[in-house]
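Step one of this worksheet: look at the structure below.
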Amino acid sequence: MTGPASRLILSAAPRGDGAFTLDAGAWAALPAALRQEPELALMALWADGARVHAAFRSLAAPAPVIASCAVEGGRFAALSPARPGAAWFERAIADLWGWQAEGGSDARPWLDHGRWAMRAPLSPAPPPRIGEPPQPVFLPAEGEGVHQFPLGPVMGSLGEPAHHRFHVLGETIVRLEVLLGYTHKGLQGLWRGQPPLRAAPLVARISGDSTVAHSWAFAGAVERALGIEPPPRAIALRGVLAELERLTNHLRDIGALSGEAGFAWPQARLGALCEVLLRASEAAFGHRLLMDRIIPGGLAADIALDGREGLRAALRLVAAELPALRDVMEEHASLQDRLSGCGVLRPEWAALLGAGGIVGRAAGRDVDARRDLAYAPYDQHPPAVPRASASDVEARLALRLEEILAGIPLIEALLEALPPGEVSTPLPARAGEASFTVEGFRGDVFCWVALDEAGLLAGCFPRDPSWLLWPLLEASMENNILADLPLIARSFNASVSGVDL
Amino acid sequence: MLWPRLARSLLRRPLTDAPVPPLPETVAGLTERLQASARARLGRSLAIRAIDAGSCNGCELELAGLQGVVYDLERFGLRFVESPRHADVLLATGPAVRNMGEALLRAHACMPEPGWVVAVGDCALDGGLFRDSYAVAGGIGAVLPVDLVIPGCPPSPSLILEGLLALVEAES
């Protein structure tokens with residue numbers, strides 16, 4: 001953290017927990033300073049009604065640093081000229097708060113489709129919307145024989161709503177642009193002013209497949225803002241819940257990838273194994289997808305008396321079958337033919353957007369919040385962090401398999417060393433501000449919260465890793481064929497609901 | 001090797017769960033809704049087009065589970081289809097988010113008659129936790145006429161299957 005942008009942020013007024021308040025001049029100087037410090041990656045950019053905040057981290061210093069600046073007259077200096085990943089965030093701020101990012105690379109709306117009764121719904125006095133919804137404008141691609149192929153928002157195969165606009169030359173994709181916002185539920189408006197325990201069920205439904213990760217990041221941020229620690233038993237069980245979520249999602253993704261490539265047998269077997277884990281999860285924690293288990297202050301309920309045995313038995317089944325499944329998939333030439341060299345993400349793009357998770361690690365990036373931030377219980381149980389360098393669909397599938405095999409002993413160790421005692425602690429009502437990052441199955445889930453004097457949520461921004469995965473998916477589709485969209489998209493598995501909020 | 005494993009699985013007990021009988025009350029309620037002509041035409045089979053009207057994707061995970069070997073919904077004559085033009089049932093999840101309103105209406109308009117709308121999940125019932133948002137119109141019923149609601153957050157695959165089987169029973 002010695003580059004010009006880091007120096008600029010760290011020399012501003014500190015507010016605690018790695019957050020700094022910059023004046024308008026320092027914020028305006030940030031884009032130029034960021035250009036000179038490419039290793040400082042943008043994690044998130046969001047607004048809270050009075051200020052705009054940006055969270056950064058680097059491989060050398062993985063703890064997030066938050067730069068904030070008061071917004072005057074609805075304008076702030078854009079970061080997108082220096083960090084392309086900022087463009088989606090800036091457009092979201094414009095859609096929800098009506099604030100313009102000056103000098104931004106893209107000013108088109110994406111959350112606001114012109115279907116709400118007002119513009120800028122989170123601003124203090126939203127102006128009413130008049131007139132017909134506008135037609136979306138897509139980035140052009142020019143050349144002889146290039147034509148457009150629209151897909152969505154209603155997607156096949158139980159996909160989440162998203163509009164894909166392809167520019168294709170024959171079968172080959174020249175450019176993909178994704179328009180999201182179709183599942184925007186207005187979450188930031190719903191949890192504003194709520195007590196953290198009332199907001200927790202909303203946070204648990206940011207993205208159903210990452211319910212544990214989002215609930216944990218939110219609970220961690222609230223606890224840190226209030227200066228409390230959840231009981232040790234709750235912390236260990238949070239680790240169990242998060243690893244179970246990682247396992248079931250990886251099993252589903254590997255199965256779906258195999259199925260999309262036309263090899264149905266592994267999908268059937270992996271689906272059955274996933275179901276075994278879901279049923280053991282329900283028996284142990286009372287919910288198949290583990291929703292609403294993690295709450296600020298600890299857990300909603302302890303593990304069932306015989307829950308540990310059930311989970312161990314389920315994990316033994318997965319551990320026994322997975323190596324053989326891996327061998328079959330690796331030997332199956334027609335599967336390898338579809339996956340290998342497909343959807344390659346260039347490592348420099350992964351670095352430019354600071355990609356983490358499976359996508360980042362498959363591109364050779366050595367990142368995992370569990371190890372890098374060593375939050376409890378991973379300080380006692382450091383995870384293995386497998387990496388790959390091919391950065392294609394095959395590498396992402398192989399990494400998921402390795403993470404499952406590494407996750408099983410991790411859950412067993414956490415269950416073995418489960419501390420006794422309570423699983424929750426009461427929340428005091430006081431002001432505070434903090435952020436917390438956990439490693440979900442897609443990558444690092446970051447959550448920032450600000451509580452007012454009464455202990456109510458003055459602001460909350462959960463950043464799903466999908467915010468950075470969508471632009472990378474668009475880039476990785478270039479020069480692939482249209483028929484490989486399901487494979488490549490599934491290998492990223494970016495969440496729609498997680499960014500639409 | 002794949003082939004020895006496939007051969008061995010022929011000798012094993014199937015992984016698929018035993019079927020769940022639908023509740024008689026649900027069947028009776030649905031029978032009233034369905035016309036005699038529909039019964040004659042469709043028999044014991046339903047083509048389902050699932051549509052996400054703004055869900056958190058939790059319901060989609062359980063719907064995907066239905067297609068797996070454990071629940072295997074195709075053995076009941078139920079199957080997911082890719083187009084609403086091929087569907088007897090529009091199965092909608094999530095609250096009816098305003099940004100998806102037109103897509104939901106258009107998908108419904110594409111369906112051949114007779115067709116039914118099944119709302120899956122607590123959000124689809126009345127908007128759930130999201131009902132008071134500026135971005136949400138309410139439950140699926142706020143946009144389309146709903147014939148059957150399968151509640152739960154998310155409902156388990158066996159519960160969804162039970163609801164769909166009730167629809168098949170009512171129809172035959």
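Quick note on naming: the chains in the structure tokens go A, B, ... in the order shown, residues restart at 1 in each chain, and ligands are numbered from 1 in order of appearance.
Secondary structure by DSSP on the backbone puts the following residues of stretch 167-204 of chain A in strand (DSSP E or B): His167, Val168, Leu169, Thr172, Ile173, Val174, Arg175, Leu176, Glu177, Val178 and Leu179 of chain A.
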Export of the given selection (N, CA, C and O atoms) as a PDB file, in the first residue's frame:
```
ATOM      1  N   HIS A 167     -23.386  -9.580 -30.783  1.00  0.00           N
ATOM      2  CA  HIS A 167     -23.051  -9.234 -32.164  1.00  0.00           C
ATOM      3  C   HIS A 167     -22.239 -10.409 -32.688  1.00  0.00           C
ATOM      4  O   HIS A 167     -21.224 -10.761 -32.091  1.00  0.00           O
ATOM      5  N   VAL A 168     -22.740 -11.038 -33.738  1.00  0.00           N
ATOM      6  CA  VAL A 168     -22.084 -12.256 -34.211  1.00  0.00           C
ATOM      7  C   VAL A 168     -21.692 -12.128 -35.679  1.00  0.00           C
ATOM      8  O   VAL A 168     -22.311 -11.392 -36.463  1.00  0.00           O
ATOM      9  N   LEU A 169     -20.638 -12.851 -36.009  1.00  0.00           N
ATOM     10  CA  LEU A 169     -20.197 -12.974 -37.389  1.00  0.00           C
ATOM     11  C   LEU A 169     -20.285 -14.467 -37.696  1.00  0.00           C
ATOM     12  O   LEU A 169     -19.430 -15.232 -37.266  1.00  0.00           O
ATOM     13  N   THR A 172     -19.543 -16.994 -34.750  1.00  0.00           N
ATOM     14  CA  THR A 172     -18.553 -16.443 -33.826  1.00  0.00           C
ATOM     15  C   THR A 172     -19.044 -15.149 -33.183  1.00  0.00           C
ATOM     16  O   THR A 172     -19.567 -14.262 -33.870  1.00  0.00           O
ATOM     17  N   ILE A 173     -18.854 -15.058 -31.885  1.00  0.00           N
ATOM     18  CA  ILE A 173     -19.301 -13.874 -31.151  1.00  0.00           C
ATOM     19  C   ILE A 173     -18.263 -12.768 -31.270  1.00  0.00           C
ATOM     20  O   ILE A 173     -17.080 -12.965 -30.957  1.00  0.00           O
ATOM     21  N   VAL A 174     -18.714 -11.616 -31.758  1.00  0.00           N
ATOM     22  CA  VAL A 174     -17.836 -10.457 -31.857  1.00  0.00           C
ATOM     23  C   VAL A 174     -17.908  -9.677 -30.548  1.00  0.00           C
ATOM     24  O   VAL A 174     -16.904  -9.211 -30.025  1.00  0.00           O
ATOM     25  N   ARG A 175     -19.121  -9.542 -30.028  1.00  0.00           N
ATOM     26  CA  ARG A 175     -19.280  -8.813 -28.775  1.00  0.00           C
ATOM     27  C   ARG A 175     -20.532  -9.311 -28.073  1.00  0.00           C
ATOM     28  O   ARG A 175     -21.556  -9.541 -28.694  1.00  0.00           O
ATOM     29  N   LEU A 176     -20.423  -9.488 -26.763  1.00  0.00           N
ATOM     30  CA  LEU A 176     -21.610  -9.775 -25.940  1.00  0.00           C
ATOM     31  C   LEU A 176     -21.778  -8.630 -24.964  1.00  0.00           C
ATOM     32  O   LEU A 176     -20.813  -8.189 -24.334  1.00  0.00           O
ATOM     33  N   GLU A 177     -22.991  -8.136 -24.869  1.00  0.00           N
ATOM     34  CA  GLU A 177     -23.291  -7.201 -23.797  1.00  0.00           C
ATOM     35  C   GLU A 177     -24.498  -7.741 -23.038  1.00  0.00           C
ATOM     36  O   GLU A 177     -25.471  -8.187 -23.641  1.00  0.00           O
ATOM     37  N   VAL A 178     -24.402  -7.713 -21.709  1.00  0.00           N
ATOM     38  CA  VAL A 178     -25.479  -8.226 -20.867  1.00  0.00           C
ATOM     39  C   VAL A 178     -26.210  -7.044 -20.247  1.00  0.00           C
ATOM     40  O   VAL A 178     -25.576  -6.143 -19.697  1.00  0.00           O
ATOM     41  N   LEU A 179     -27.529  -7.048 -20.365  1.00  0.00           N
ATOM     42  CA  LEU A 179     -28.339  -6.043 -19.668  1.00  0.00           C
ATOM     43  C   LEU A 179     -29.060  -6.740 -18.519  1.00  0.00           C
ATOM     44  O   LEU A 179     -29.855  -7.655 -18.740  1.00  0.00           O
TER      45      LEU A 179
END
```
Give the residues of chain B that lie within 7 Å of chain A; count only C-alpha atoms, and format the answer as an MDAnalysis selection string. chainID B and resid 1:2 50:58 60 68:70 82 97:100 103 129:130 133:136
Suppose we keep N, CA, C and O atoms; can you now write the selection as an mmCIF file, in the first residue's frame?
```cif
data_model
loop_
_atom_site.group_PDB
_atom_site.id
_atom_site.type_symbol
_atom_site.label_atom_id
_atom_site.label_comp_id
_atom_site.auth_asym_id
_atom_site.auth_seq_id
_atom_site.Cartn_x
_atom_site.Cartn_y
_atom_site.Cartn_z
ATOM 1 N N MET B 1 -13.156 -45.702 -15.425
ATOM 2 C CA MET B 1 -13.924 -46.073 -16.605
ATOM 3 C C MET B 1 -15.425 -45.925 -16.370
ATOM 4 O O MET B 1 -15.912 -46.218 -15.293
ATOM 5 N N LEU B 2 -16.105 -45.486 -17.383
ATOM 6 C CA LEU B 2 -17.538 -45.224 -17.245
ATOM 7 C C LEU B 2 -18.378 -46.495 -17.350
ATOM 8 O O LEU B 2 -19.300 -46.704 -16.568
ATOM 9 N N ALA B 50 -40.887 -22.797 -16.845
ATOM 10 C CA ALA B 50 -40.584 -22.043 -15.627
ATOM 11 C C ALA B 50 -40.149 -20.642 -16.014
ATOM 12 O O ALA B 50 -39.437 -20.453 -17.002
ATOM 13 N N ILE B 51 -40.625 -19.657 -15.266
ATOM 14 C CA ILE B 51 -40.204 -18.281 -15.531
ATOM 15 C C ILE B 51 -39.884 -17.592 -14.209
ATOM 16 O O ILE B 51 -40.638 -17.687 -13.246
ATOM 17 N N ASP B 52 -38.720 -16.985 -14.165
ATOM 18 C CA ASP B 52 -38.250 -16.270 -12.985
ATOM 19 C C ASP B 52 -38.755 -14.844 -13.112
ATOM 20 O O ASP B 52 -38.344 -14.100 -13.995
ATOM 21 N N ALA B 53 -39.686 -14.462 -12.222
ATOM 22 C CA ALA B 53 -40.272 -13.120 -12.306
ATOM 23 C C ALA B 53 -39.575 -12.156 -11.354
ATOM 24 O O ALA B 53 -40.091 -11.072 -11.087
ATOM 25 N N GLY B 54 -38.404 -12.554 -10.841
ATOM 26 C CA GLY B 54 -37.668 -11.679 -9.934
ATOM 27 C C GLY B 54 -37.203 -12.400 -8.685
ATOM 28 O O GLY B 54 -36.948 -11.776 -7.666
ATOM 29 N N SER B 55 -37.079 -13.715 -8.767
ATOM 30 C CA SER B 55 -36.742 -14.499 -7.575
ATOM 31 C C SER B 55 -35.279 -14.299 -7.190
ATOM 32 O O SER B 55 -34.488 -13.746 -7.935
ATOM 33 N N CYS B 56 -34.944 -14.782 -5.990
ATOM 34 C CA CYS B 56 -33.556 -14.674 -5.506
ATOM 35 C C CYS B 56 -32.734 -15.838 -6.021
ATOM 36 O O CYS B 56 -31.587 -15.976 -5.646
ATOM 37 N N ASN B 57 -33.292 -16.688 -6.804
ATOM 38 C CA ASN B 57 -32.765 -17.920 -7.406
ATOM 39 C C ASN B 57 -32.783 -19.120 -6.456
ATOM 40 O O ASN B 57 -32.342 -20.202 -6.826
ATOM 41 N N GLY B 58 -33.319 -18.950 -5.243
ATOM 42 C CA GLY B 58 -33.482 -20.086 -4.334
ATOM 43 C C GLY B 58 -34.484 -21.095 -4.881
ATOM 44 O O GLY B 58 -34.239 -22.304 -4.869
ATOM 45 N N GLU B 60 -35.255 -21.538 -7.948
ATOM 46 C CA GLU B 60 -34.686 -22.166 -9.153
ATOM 47 C C GLU B 60 -33.799 -23.358 -8.776
ATOM 48 O O GLU B 60 -33.755 -24.357 -9.484
ATOM 49 N N GLY B 68 -33.516 -33.774 -11.399
ATOM 50 C CA GLY B 68 -32.472 -34.749 -11.112
ATOM 51 C C GLY B 68 -33.026 -36.151 -10.913
ATOM 52 O O GLY B 68 -34.241 -36.375 -10.944
ATOM 53 N N VAL B 69 -32.124 -37.118 -10.681
ATOM 54 C CA VAL B 69 -32.547 -38.520 -10.570
ATOM 55 C C VAL B 69 -33.379 -38.784 -9.328
ATOM 56 O O VAL B 69 -34.169 -39.718 -9.299
ATOM 57 N N VAL B 70 -33.202 -37.976 -8.281
ATOM 58 C CA VAL B 70 -33.874 -38.287 -7.022
ATOM 59 C C VAL B 70 -35.368 -38.003 -7.115
ATOM 60 O O VAL B 70 -36.181 -38.762 -6.594
ATOM 61 N N GLU B 82 -38.707 -25.475 -23.171
ATOM 62 C CA GLU B 82 -37.922 -24.261 -23.351
ATOM 63 C C GLU B 82 -38.758 -23.064 -23.773
ATOM 64 O O GLU B 82 -38.334 -21.925 -23.616
ATOM 65 N N VAL B 97 -41.689 -8.638 -10.093
ATOM 66 C CA VAL B 97 -40.869 -7.429 -10.139
ATOM 67 C C VAL B 97 -41.304 -6.581 -11.332
ATOM 68 O O VAL B 97 -41.623 -7.128 -12.394
ATOM 69 N N ARG B 98 -41.369 -5.261 -11.168
ATOM 70 C CA ARG B 98 -41.889 -4.403 -12.242
ATOM 71 C C ARG B 98 -41.065 -4.520 -13.533
ATOM 72 O O ARG B 98 -41.617 -4.465 -14.631
ATOM 73 N N ASN B 99 -39.747 -4.693 -13.375
ATOM 74 C CA ASN B 99 -38.903 -4.786 -14.570
ATOM 75 C C ASN B 99 -39.175 -6.061 -15.379
ATOM 76 O O ASN B 99 -38.785 -6.140 -16.541
ATOM 77 N N MET B 100 -39.820 -7.071 -14.768
ATOM 78 C CA MET B 100 -40.127 -8.305 -15.499
ATOM 79 C C MET B 100 -41.594 -8.370 -15.910
ATOM 80 O O MET B 100 -42.020 -9.351 -16.535
ATOM 81 N N ALA B 103 -42.326 -8.921 -19.682
ATOM 82 C CA ALA B 103 -41.844 -10.237 -20.127
ATOM 83 C C ALA B 103 -42.782 -11.339 -19.633
ATOM 84 O O ALA B 103 -43.074 -12.303 -20.357
ATOM 85 N N LEU B 129 -41.343 -10.886 1.354
ATOM 86 C CA LEU B 129 -40.578 -9.851 2.053
ATOM 87 C C LEU B 129 -40.443 -8.578 1.222
ATOM 88 O O LEU B 129 -40.136 -7.523 1.743
ATOM 89 N N PHE B 130 -40.640 -8.720 -0.082
ATOM 90 C CA PHE B 130 -40.357 -7.596 -0.986
ATOM 91 C C PHE B 130 -41.615 -6.823 -1.359
ATOM 92 O O PHE B 130 -41.568 -5.932 -2.205
ATOM 93 N N SER B 133 -41.896 -2.872 -1.794
ATOM 94 C CA SER B 133 -40.871 -2.146 -2.537
ATOM 95 C C SER B 133 -41.457 -1.416 -3.750
ATOM 96 O O SER B 133 -42.429 -1.879 -4.352
ATOM 97 N N TYR B 134 -40.830 -0.289 -4.105
ATOM 98 C CA TYR B 134 -41.206 0.446 -5.311
ATOM 99 C C TYR B 134 -41.020 -0.391 -6.576
ATOM 100 O O TYR B 134 -41.626 -0.111 -7.612
ATOM 101 N N ALA B 135 -40.157 -1.413 -6.478
ATOM 102 C CA ALA B 135 -39.800 -2.175 -7.675
ATOM 103 C C ALA B 135 -40.650 -3.431 -7.838
ATOM 104 O O ALA B 135 -40.450 -4.183 -8.780
ATOM 105 N N VAL B 136 -41.584 -3.664 -6.915
ATOM 106 C CA VAL B 136 -42.339 -4.913 -6.909
ATOM 107 C C VAL B 136 -43.827 -4.623 -7.036
ATOM 108 O O VAL B 136 -44.369 -3.785 -6.312
#
```
If you count only C-alpha atoms, which residues fall within 10 Å of B:Gly163, apart from same-chain ones fewer than 3 positions away, as a PyMOL selection string? chain B and resi 20-23+26-27+118+120+148-151+157-160+166-169
For the residues in the current selection, export N, CA and C atoms as a short mmCIF file (atom, residue, chain, number, x, y, z; two decimals), in the first residue's frame.
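Writing done, so here's again-v7.cif:
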```cif
data_model
loop_
_atom_site.label_atom_id
_atom_site.label_comp_id
_atom_site.auth_asym_id
_atom_site.auth_seq_id
_atom_site.Cartn_x
_atom_site.Cartn_y
_atom_site.Cartn_z
N VAL B 20 -44.90 -39.08 -4.21
CA VAL B 20 -45.70 -38.54 -3.11
C VAL B 20 -47.14 -38.38 -3.57
N PRO B 21 -48.13 -38.93 -2.84
CA PRO B 21 -49.53 -38.75 -3.27
C PRO B 21 -49.99 -37.32 -2.97
N PRO B 22 -50.66 -36.65 -3.91
CA PRO B 22 -51.14 -35.30 -3.65
C PRO B 22 -52.31 -35.31 -2.68
N LEU B 23 -52.50 -34.19 -1.98
CA LEU B 23 -53.59 -34.07 -1.01
C LEU B 23 -54.94 -34.07 -1.74
N THR B 26 -56.59 -30.58 -2.23
CA THR B 26 -55.99 -29.77 -3.29
C THR B 26 -56.51 -30.21 -4.64
N VAL B 27 -56.57 -31.54 -4.82
CA VAL B 27 -57.05 -32.08 -6.10
C VAL B 27 -58.48 -31.63 -6.35
N VAL B 118 -48.93 -21.45 -12.31
CA VAL B 118 -48.60 -21.93 -10.97
C VAL B 118 -47.57 -20.98 -10.38
N VAL B 120 -44.87 -20.34 -7.53
CA VAL B 120 -44.07 -21.13 -6.61
C VAL B 120 -43.30 -20.22 -5.66
N LEU B 148 -52.72 -22.00 -9.05
CA LEU B 148 -52.22 -22.80 -7.92
C LEU B 148 -51.01 -22.09 -7.33
N VAL B 149 -50.98 -22.04 -5.98
CA VAL B 149 -49.82 -21.48 -5.30
C VAL B 149 -49.15 -22.59 -4.50
N ILE B 150 -47.84 -22.71 -4.65
CA ILE B 150 -47.08 -23.67 -3.85
C ILE B 150 -46.19 -22.85 -2.93
N PRO B 151 -46.57 -22.68 -1.64
CA PRO B 151 -45.81 -21.79 -0.76
C PRO B 151 -44.54 -22.44 -0.23
N PRO B 157 -38.34 -29.61 -3.23
CA PRO B 157 -38.76 -30.27 -4.48
C PRO B 157 -39.95 -31.18 -4.27
N SER B 158 -40.01 -31.88 -3.12
CA SER B 158 -41.15 -32.81 -2.93
C SER B 158 -42.45 -32.04 -2.81
N LEU B 159 -42.40 -30.84 -2.21
CA LEU B 159 -43.61 -30.04 -2.09
C LEU B 159 -44.05 -29.52 -3.46
N ILE B 160 -43.09 -29.09 -4.27
CA ILE B 160 -43.42 -28.61 -5.62
C ILE B 160 -44.02 -29.75 -6.43
N ALA B 166 -50.95 -32.74 -8.04
CA ALA B 166 -52.35 -32.41 -7.77
C ALA B 166 -52.99 -31.84 -9.04
N LEU B 167 -52.22 -31.05 -9.77
CA LEU B 167 -52.72 -30.48 -11.02
C LEU B 167 -53.00 -31.59 -12.04
N VAL B 168 -52.10 -32.56 -12.12
CA VAL B 168 -52.29 -33.68 -13.05
C VAL B 168 -53.53 -34.49 -12.66
N GLU B 169 -53.66 -34.75 -11.36
CA GLU B 169 -54.81 -35.52 -10.86
C GLU B 169 -56.12 -34.81 -11.19
#
```
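Comparing the minimum interatomic distances between A:Leu290 and each of A:Leu34, A:Ile411, A:Ile303, A:Leu322, counting only C-alpha atoms, we find that A:Ile303 sits nearest.
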Separation of atom CA of B:Glu102 from atom CA of A:Leu151 in Å: 15.4 Å
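Omitting A:Leu8 and its sequence neighbours fewer than 5 positions away, and counting only C-alpha atoms, the residues within 9 Å are A:Gly3, A:Leu22, A:Ala26, A:Trp27, A:Ala29, A:Leu30, A:Ala33.
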Selection to disk with N, CA, C and O atoms, as a PDB file, in the first residue's frame:
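Below is the file out33.pdb, written as the result:
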```pdb
ATOM      1  N   GLY A   3       1.557   2.935  -3.196  1.00  0.00           N
ATOM      2  CA  GLY A   3       1.372   3.664  -4.440  1.00  0.00           C
ATOM      3  C   GLY A   3       0.685   4.996  -4.198  1.00  0.00           C
ATOM      4  O   GLY A   3       0.233   5.289  -3.089  1.00  0.00           O
ATOM      5  N   LEU A  22     -12.400  11.365   2.320  1.00  0.00           N
ATOM      6  CA  LEU A  22     -11.629  12.238   1.436  1.00  0.00           C
ATOM      7  C   LEU A  22     -12.435  13.507   1.158  1.00  0.00           C
ATOM      8  O   LEU A  22     -13.668  13.464   1.101  1.00  0.00           O
ATOM      9  N   ALA A  26      -9.469  15.582  -3.102  1.00  0.00           N
ATOM     10  CA  ALA A  26      -8.707  14.327  -3.044  1.00  0.00           C
ATOM     11  C   ALA A  26      -9.417  13.245  -3.849  1.00  0.00           C
ATOM     12  O   ALA A  26      -8.776  12.468  -4.563  1.00  0.00           O
ATOM     13  N   TRP A  27     -10.763  13.209  -3.758  1.00  0.00           N
ATOM     14  CA  TRP A  27     -11.521  12.199  -4.534  1.00  0.00           C
ATOM     15  C   TRP A  27     -11.328  12.430  -6.028  1.00  0.00           C
ATOM     16  O   TRP A  27     -11.148  11.476  -6.797  1.00  0.00           O
ATOM     17  N   ALA A  29      -8.811  13.588  -7.426  1.00  0.00           N
ATOM     18  CA  ALA A  29      -7.452  13.188  -7.823  1.00  0.00           C
ATOM     19  C   ALA A  29      -7.293  11.673  -7.842  1.00  0.00           C
ATOM     20  O   ALA A  29      -6.270  11.164  -8.303  1.00  0.00           O
ATOM     21  N   LEU A  30      -8.300  10.970  -7.332  1.00  0.00           N
ATOM     22  CA  LEU A  30      -8.192   9.510  -7.195  1.00  0.00           C
ATOM     23  C   LEU A  30      -8.021   8.777  -8.538  1.00  0.00           C
ATOM     24  O   LEU A  30      -7.156   7.903  -8.648  1.00  0.00           O
ATOM     25  N   ALA A  33      -4.485   8.944  -9.722  1.00  0.00           N
ATOM     26  CA  ALA A  33      -3.592   8.191  -8.835  1.00  0.00           C
ATOM     27  C   ALA A  33      -3.788   6.686  -9.035  1.00  0.00           C
ATOM     28  O   ALA A  33      -2.824   5.920  -8.988  1.00  0.00           O
TER      29      ALA A  33
END
```
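By only C-alpha atoms, and with residues fewer than 4 positions from A:Glu229 along its chain excluded, the set lying at most 9 Å from it is Gly220, Glu223, Arg224, Gly297, Gly298 and Thr425 of chain A.
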Write to file, as a JSON list (two decimals), in the first residue's frame, the residues of the selection just made, with N, CA, C and O atoms.
```
[["chain", "number", "residue", "atom", "x", "y", "z"],
["A", 220, "GLY", "N", -21.24, -10.24, 10.08],
["A", 220, "GLY", "CA", -19.89, -9.86, 10.48],
["A", 220, "GLY", "C", -19.72, -8.36, 10.51],
["A", 220, "GLY", "O", -19.11, -7.80, 11.44],
["A", 223, "GLU", "N", -21.71, -6.93, 13.50],
["A", 223, "GLU", "CA", -21.03, -7.23, 14.76],
["A", 223, "GLU", "C", -19.79, -6.36, 14.93],
["A", 223, "GLU", "O", -19.51, -5.84, 16.01],
["A", 224, "ARG", "N", -19.05, -6.15, 13.85],
["A", 224, "ARG", "CA", -17.85, -5.34, 13.93],
["A", 224, "ARG", "C", -18.22, -3.87, 14.19],
["A", 224, "ARG", "O", -17.56, -3.17, 14.96],
["A", 297, "GLY", "N", -25.12, -11.36, 15.47],
["A", 297, "GLY", "CA", -25.04, -11.82, 16.86],
["A", 297, "GLY", "C", -24.74, -13.30, 16.98],
["A", 297, "GLY", "O", -24.39, -13.77, 18.05],
["A", 298, "GLY", "N", -24.88, -14.05, 15.92],
["A", 298, "GLY", "CA", -24.57, -15.48, 16.00],
["A", 298, "GLY", "C", -25.37, -16.30, 15.01],
["A", 298, "GLY", "O", -25.36, -16.03, 13.82],
["A", 425, "THR", "N", -25.62, -13.93, 20.70],
["A", 425, "THR", "CA", -25.40, -12.92, 21.72],
["A", 425, "THR", "C", -26.27, -11.72, 21.35],
["A", 425, "THR", "O", -26.46, -11.44, 20.17]]
```
Please identify all polymer residues within 10 Å of B:Pro145, counting only C-alpha atoms, omitting same-chain residues fewer than 5 positions from it, and present them as a PDB file with N, CA and C atoms, in the first residue's frame.
```pdb
ATOM      1  N   HIS B 108     -46.895 -15.312 -21.015  1.00  0.00           N
ATOM      2  CA  HIS B 108     -48.227 -15.881 -20.779  1.00  0.00           C
ATOM      3  C   HIS B 108     -49.067 -15.818 -22.053  1.00  0.00           C
ATOM      4  N   TRP B 116     -52.323 -23.058 -17.526  1.00  0.00           N
ATOM      5  CA  TRP B 116     -52.443 -22.664 -16.116  1.00  0.00           C
ATOM      6  C   TRP B 116     -51.205 -21.930 -15.644  1.00  0.00           C
ATOM      7  N   VAL B 117     -51.423 -21.121 -14.617  1.00  0.00           N
ATOM      8  CA  VAL B 117     -50.308 -20.415 -13.997  1.00  0.00           C
ATOM      9  C   VAL B 117     -50.132 -20.957 -12.589  1.00  0.00           C
ATOM     10  N   VAL B 118     -48.934 -21.448 -12.307  1.00  0.00           N
ATOM     11  CA  VAL B 118     -48.601 -21.930 -10.967  1.00  0.00           C
ATOM     12  C   VAL B 118     -47.570 -20.981 -10.379  1.00  0.00           C
ATOM     13  N   ALA B 119     -47.870 -20.438  -9.193  1.00  0.00           N
ATOM     14  CA  ALA B 119     -46.941 -19.534  -8.516  1.00  0.00           C
ATOM     15  C   ALA B 119     -46.207 -20.326  -7.453  1.00  0.00           C
ATOM     16  N   ILE B 140     -47.350 -12.983  -7.992  1.00  0.00           N
ATOM     17  CA  ILE B 140     -47.579 -13.256  -9.417  1.00  0.00           C
ATOM     18  C   ILE B 140     -49.016 -12.882  -9.787  1.00  0.00           C
TER      19      ILE B 140
END
```
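Here atom CA of A:Phe218 and atom CA of B:Gly128 stand 20.8 Å from one another.
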Name the residues of stretch 286-456 of chain A that fall into alpha helix (DSSP H) according to DSSP on the backbone, using the chain letters and numbers of this document, as a PyMOL selection string. chain A and resi 307-331+333-339+347-352+357-362+369-372+393-416
Near B:Arg49, counting only C-alpha atoms, which residues have an atom at most 7 Å away, once you skip same-chain residues fewer than 5 positions from it, shown as a CSV table (one decimal) with N, CA and C atoms, in the first residue's frame?
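The new file selection_32.csv reads:
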```csv
chain,number,residue,atom,x,y,z
B,80,PHE,N,-40.1,-30.0,-18.1
B,80,PHE,CA,-39.8,-28.6,-18.4
B,80,PHE,C,-39.6,-28.4,-19.9
B,81,VAL,N,-40.2,-27.4,-20.5
B,81,VAL,CA,-40.0,-27.1,-21.9
B,81,VAL,C,-39.3,-25.7,-22.0
B,82,GLU,N,-38.7,-25.5,-23.2
B,82,GLU,CA,-37.9,-24.3,-23.4
B,82,GLU,C,-38.8,-23.1,-23.8
B,83,SER,N,-39.9,-23.3,-24.3
B,83,SER,CA,-40.7,-22.2,-24.8
B,83,SER,C,-42.1,-22.2,-24.2
B,84,PRO,N,-42.7,-21.0,-23.9
B,84,PRO,CA,-44.0,-21.0,-23.4
B,84,PRO,C,-45.0,-21.4,-24.5
B,87,ALA,N,-46.0,-24.9,-23.7
B,87,ALA,CA,-46.3,-25.2,-22.3
B,87,ALA,C,-47.8,-25.2,-22.0
B,89,VAL,N,-48.3,-25.2,-18.6
B,89,VAL,CA,-48.2,-24.6,-17.3
B,89,VAL,C,-47.1,-23.5,-17.3
B,90,LEU,N,-47.4,-22.3,-16.9
B,90,LEU,CA,-46.4,-21.3,-16.7
B,90,LEU,C,-46.1,-21.3,-15.2
B,91,LEU,N,-44.9,-21.7,-14.8
B,91,LEU,CA,-44.6,-21.9,-13.4
B,91,LEU,C,-43.7,-20.7,-13.0
```
